[in-house]
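Raw contents of structure_15.txt, compact mmCIF, C-alpha atoms:
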```txt
# COMPACT_ATOMS: atom_id res chain seq x y z
CA MET R 1 -38.38 85.91 64.42
CA LYS R 2 -41.94 86.69 65.43
CA PHE R 3 -45.07 86.02 63.44
CA ALA R 4 -48.13 88.19 63.65
CA ARG R 5 -51.64 86.80 63.48
CA ARG R 6 -51.99 87.92 59.92
CA ASP R 7 -48.83 86.04 59.08
CA PHE R 8 -50.44 82.82 60.36
CA LYS R 9 -53.42 83.57 58.20
CA GLN R 10 -51.16 83.91 55.19
CA LEU R 11 -49.41 80.64 56.08
CA GLY R 12 -52.67 78.74 56.54
CA LEU R 13 -52.91 77.46 52.99
CA PRO R 14 -49.24 76.44 52.68
CA LEU R 15 -49.44 74.67 56.06
CA ALA R 16 -52.57 72.81 55.05
CA ILE R 17 -50.91 71.77 51.84
CA CYS R 18 -47.81 70.67 53.73
CA ILE R 19 -49.86 68.65 56.22
CA ALA R 20 -51.83 67.11 53.38
CA LEU R 21 -48.58 66.12 51.66
CA ILE R 22 -47.28 64.59 54.89
CA LEU R 23 -50.48 62.62 55.35
CA ALA R 24 -50.36 61.58 51.72
CA SER R 25 -46.76 60.42 52.17
CA VAL R 26 -47.70 58.40 55.23
CA ALA R 27 -50.63 56.89 53.37
CA CYS R 28 -48.40 56.07 50.41
CA TYR R 29 -45.88 54.42 52.76
CA PHE R 30 -48.47 52.17 54.35
CA SER R 31 -50.04 51.49 50.97
CA SER R 32 -46.63 50.57 49.53
CA ASP R 33 -45.88 48.34 52.51
CA ASN R 34 -49.23 46.57 52.13
CA TYR R 35 -48.60 46.19 48.41
CA LEU R 36 -45.15 44.77 49.13
CA GLN R 37 -46.58 42.28 51.61
CA ASP R 38 -49.32 41.28 49.14
CA THR R 39 -46.69 40.87 46.44
CA LYS R 40 -44.60 38.65 48.70
CA ARG R 41 -47.64 36.54 49.56
CA GLN R 42 -48.54 36.23 45.87
CA ALA R 43 -44.94 35.28 45.07
CA VAL R 44 -45.00 32.56 47.73
CA ALA R 45 -48.36 31.30 46.45
CA THR R 46 -47.11 31.36 42.86
CA ALA R 47 -43.96 29.45 43.84
CA ALA R 48 -46.07 26.86 45.65
CA GLN R 49 -48.33 26.53 42.61
CA ARG R 50 -45.26 26.19 40.39
CA VAL R 51 -43.88 23.41 42.61
CA GLU R 52 -47.26 21.66 42.56
CA VAL R 53 -47.48 21.92 38.75
CA GLN R 54 -43.92 20.63 38.37
CA GLY R 55 -44.73 17.75 40.71
CA ARG R 56 -47.80 16.86 38.66
CA LEU R 57 -45.79 17.06 35.43
CA SER R 58 -43.07 14.83 36.90
CA SER R 59 -45.70 12.35 38.05
CA ALA R 60 -47.33 12.39 34.61
CA ASN R 61 -43.96 11.87 32.92
CA GLU R 62 -43.17 8.96 35.25
CA GLU R 63 -46.57 7.38 34.52
CA GLU R 64 -45.95 7.85 30.79
CA ARG R 65 -42.57 6.09 31.07
CA GLU R 66 -44.15 3.22 33.02
CA ILE R 67 -46.91 2.87 30.42
CA LYS R 68 -44.36 2.85 27.59
CA ALA R 69 -42.26 0.23 29.40
CA SER R 70 -45.33 -1.94 30.03
CA LEU R 71 -46.40 -1.55 26.41
CA GLN R 72 -42.96 -2.58 25.18
CA GLN R 73 -43.03 -5.65 27.44
CA TYR R 74 -46.52 -6.51 26.20
CA GLN R 75 -45.43 -6.13 22.56
CA ALA R 76 -42.39 -8.34 23.21
CA LEU R 77 -44.61 -11.03 24.74
CA ALA R 78 -47.07 -10.74 21.86
CA ALA R 79 -44.23 -11.09 19.34
CA ARG R 80 -43.22 -14.36 21.03
CA GLY R 81 -46.78 -15.65 20.83
CA ILE R 82 -47.28 -15.64 24.59
CA VAL R 83 -50.31 -13.32 24.34
CA GLY R 84 -53.50 -14.94 23.04
CA GLU R 85 -54.67 -18.50 22.67
CA GLU R 86 -52.32 -21.34 23.46
CA LYS R 87 -50.52 -22.64 20.36
CA ARG R 88 -50.15 -26.24 21.50
CA LEU R 89 -49.44 -27.73 18.08
CA ASP R 90 -46.64 -25.22 17.52
CA TRP R 91 -45.18 -26.22 20.90
CA VAL R 92 -45.27 -29.91 19.93
CA ASP R 93 -43.54 -29.11 16.62
CA THR R 94 -40.87 -27.12 18.50
CA VAL R 95 -40.14 -30.04 20.85
CA THR R 96 -39.79 -32.39 17.86
CA ALA R 97 -37.52 -29.96 16.01
CA ILE R 98 -35.18 -29.49 18.99
CA LYS R 99 -35.04 -33.26 19.58
CA ASN R 100 -34.04 -33.90 15.95
CA GLU R 101 -31.58 -30.99 15.72
CA ARG R 102 -29.78 -32.01 18.92
CA ARG R 103 -30.05 -35.73 18.18
CA LEU R 104 -31.55 -36.49 21.53
CA PHE R 105 -32.94 -39.84 22.60
CA ASN R 106 -36.59 -40.52 23.22
CA ILE R 107 -38.81 -37.73 24.55
CA SER R 108 -42.32 -38.51 25.73
CA TYR R 109 -44.82 -36.15 27.32
CA SER R 110 -48.43 -35.53 28.23
CA ILE R 111 -50.21 -32.16 28.39
CA GLU R 112 -53.04 -31.53 30.84
CA PRO R 113 -56.06 -29.33 29.97
CA GLN R 114 -55.44 -25.60 30.20
CA LYS R 115 -56.65 -23.74 33.30
CA GLU R 116 -56.16 -20.40 35.02
CA LEU R 117 -52.81 -19.98 36.71
CA ASP R 118 -53.11 -20.57 40.46
CA TYR R 119 -49.62 -19.91 41.83
CA PRO R 120 -49.64 -18.90 45.53
CA GLY R 121 -49.75 -15.13 45.99
CA PHE R 122 -50.41 -14.48 42.30
CA THR R 123 -53.55 -12.37 41.78
CA PRO R 124 -53.91 -10.82 38.30
CA GLY R 125 -56.46 -8.05 37.96
CA GLY R 126 -58.82 -6.65 35.38
CA ARG R 127 -59.60 -8.60 32.22
CA ILE R 128 -56.10 -10.10 32.04
CA LYS R 129 -55.99 -13.86 32.63
CA PHE R 130 -52.88 -16.02 32.92
CA MET R 131 -53.54 -19.51 31.60
CA SER R 132 -51.41 -22.56 32.29
CA SER R 133 -51.08 -26.09 30.90
CA ARG R 134 -49.13 -28.61 32.99
CA VAL R 135 -46.69 -30.77 31.00
CA LYS R 136 -45.22 -34.05 32.27
CA MET R 137 -42.15 -34.95 30.22
CA ASN R 138 -39.72 -37.86 30.24
CA ILE R 139 -36.38 -37.26 28.49
CA GLN R 140 -33.64 -39.80 27.90
CA LEU R 141 -30.21 -38.16 27.95
CA LEU R 142 -26.57 -38.86 27.39
CA HIS R 143 -25.28 -36.01 29.60
CA GLU R 144 -26.77 -33.57 32.11
CA GLU R 145 -25.82 -30.74 29.75
CA ASP R 146 -28.27 -32.10 27.18
CA LEU R 147 -31.15 -31.40 29.56
CA LEU R 148 -30.02 -27.83 30.28
CA ASN R 149 -29.57 -27.07 26.58
CA PHE R 150 -32.96 -28.57 25.74
CA ILE R 151 -34.79 -26.50 28.37
CA ASP R 152 -32.93 -23.33 27.39
CA GLU R 153 -33.76 -23.70 23.70
CA LEU R 154 -37.36 -24.67 24.38
CA SER R 155 -37.77 -21.56 26.55
CA ARG R 156 -36.47 -19.34 23.73
CA ARG R 157 -38.37 -20.94 20.86
CA ALA R 158 -41.69 -22.00 22.35
CA LYS R 159 -44.71 -19.72 21.81
CA SER R 160 -45.54 -19.72 25.49
CA TYR R 161 -43.70 -18.93 28.71
CA LEU R 162 -42.03 -22.09 30.01
CA SER R 163 -42.04 -22.37 33.81
CA VAL R 164 -39.89 -25.27 35.03
CA ARG R 165 -41.56 -26.71 38.14
CA SER R 166 -39.22 -29.64 38.75
CA CYS R 167 -36.81 -32.07 37.10
CA ASP R 168 -35.79 -35.39 38.66
CA VAL R 169 -32.75 -36.92 36.98
CA GLN R 170 -31.93 -40.60 37.48
CA ARG R 171 -29.00 -42.60 36.13
CA GLU R 172 -29.93 -45.42 33.76
CA SER R 173 -28.53 -48.91 34.26
CA ARG R 174 -26.07 -49.59 31.44
CA GLY R 175 -25.52 -52.88 29.68
CA GLY R 176 -22.19 -54.25 28.61
CA GLY R 177 -22.56 -53.48 24.89
CA THR R 178 -20.77 -50.78 22.94
CA THR R 179 -23.94 -49.28 21.42
CA LEU R 180 -24.52 -45.61 22.25
CA ALA R 181 -27.36 -45.54 24.75
CA PRO R 182 -28.90 -43.00 27.14
CA ARG R 183 -27.18 -42.76 30.51
CA LEU R 184 -29.72 -40.53 32.25
CA GLN R 185 -33.47 -40.21 32.47
CA ALA R 186 -35.18 -36.95 33.46
CA ASP R 187 -38.77 -36.66 34.65
CA CYS R 188 -39.78 -33.01 34.44
CA LEU R 189 -42.84 -30.90 35.15
CA PHE R 190 -43.35 -27.75 33.06
CA ASP R 191 -46.09 -25.12 32.97
CA LEU R 192 -46.88 -23.58 29.59
CA ILE R 193 -48.16 -20.10 30.44
CA THR R 194 -50.00 -17.77 28.09
CA ILE R 195 -51.74 -14.45 28.65
CA ARG R 196 -55.36 -13.99 27.65
CA HIS R 197 -57.08 -10.61 27.41
CA ASP R 198 -60.83 -10.95 27.73
CA LYS R 199 -62.82 -8.41 25.72
CA PRO R 200 -65.52 -6.45 27.56
CA ALA R 201 -69.05 -7.75 27.09
```
Show me, as structure tokens, the structure contained in the file I just sent.
Amino acid sequence: MKFARRDFKQLGLPLAICIALILASVACYFSSDNYLQDTKRQAVATAAQRVEVQGRLSSANEEEREIKASLQQYQALAARGIVGEEKRLDWVDTVTAIKNERRLFNISYSIEPQKELDYPGFTPGGRIKFMSSRVKMNIQLLHEEDLLNFIDELSRRAKSYLSVRSCDVQRESRGGGTTLAPRLQADCLFDLITIRHDKPA
């Protein structure tokens, strides 16, 4: 089939339109591909942001749990009287009460002035101070179990944290009588520890 020159003239407009459509299609293809690539990059960035946000939320939730746990521990210590000023008279009354309830023999003790806790490697921070009073105690006992029970009950009932530093138990010399008498003597060192929170100036 042959085309005359006038036929080309008549086909000029349709050809131009066809070429324009082809160019438009090509442009649309590249535009779509660029849009797809941009969308993928945005999706990756959004996913990374989502991971970062989730990580921050997890970290915040973990910090919240730690704060709640610390607060519960603090409230438990405060309920026992360990937080605040040392309640020395209450401690003396507790020792007397346990001695009478358990029908123990003689208990004598001396309490040194309170000072800041200076255990090796212990470095409290902020306005929290750990205070300690050293107690030297002599206890006359019938059995070793009496000493363990006394320390256990004193730890539970005293309004301070009881840190047992040492206990030296010696056997008493017994006479020939039948009177019930102590068989053991324990020389113990205790630290009465309380927590003080200094208010800001």
**Asked** Distance atom CA of Leu104 of chain R-atom CA of Lys159 of chain R, one decimal place?
**Response** 21.3 Å
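Taking atom CA of Leu148 of chain R and atom CA of Arg88 of chain R as endpoints, the distance between them is 22.0 Å.
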**Prompt:** In Å, how far is it from atom CA of Tyr109 of chain R to atom CA of Arg196 of chain R?
**Reply:** 24.5 Å
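The shell of residues at most 12 Å from Thr94 of chain R, with all atoms listed in the file counted and near chain neighbours (fewer than 2 positions) removed, consists of Lys87, Arg88, Leu89, Asp90, Trp91, Val92, Thr96, Ala97, Ile98, Lys99, Asn100, Glu101, Phe150, Ile151, Glu153, Leu154, Ser155, Arg156, Arg157, Ala158, Lys159 and Ser160 of chain R.
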**Request:** Find the residue from R:Asp93, R:Asp198, R:Asp191, R:Glu52 that sits nearest to Ser166 of chain R; use only C-alpha atoms when measuring.
**Result:**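 For Ser166 of chain R, the nearest of the given residues is R:Asp191.
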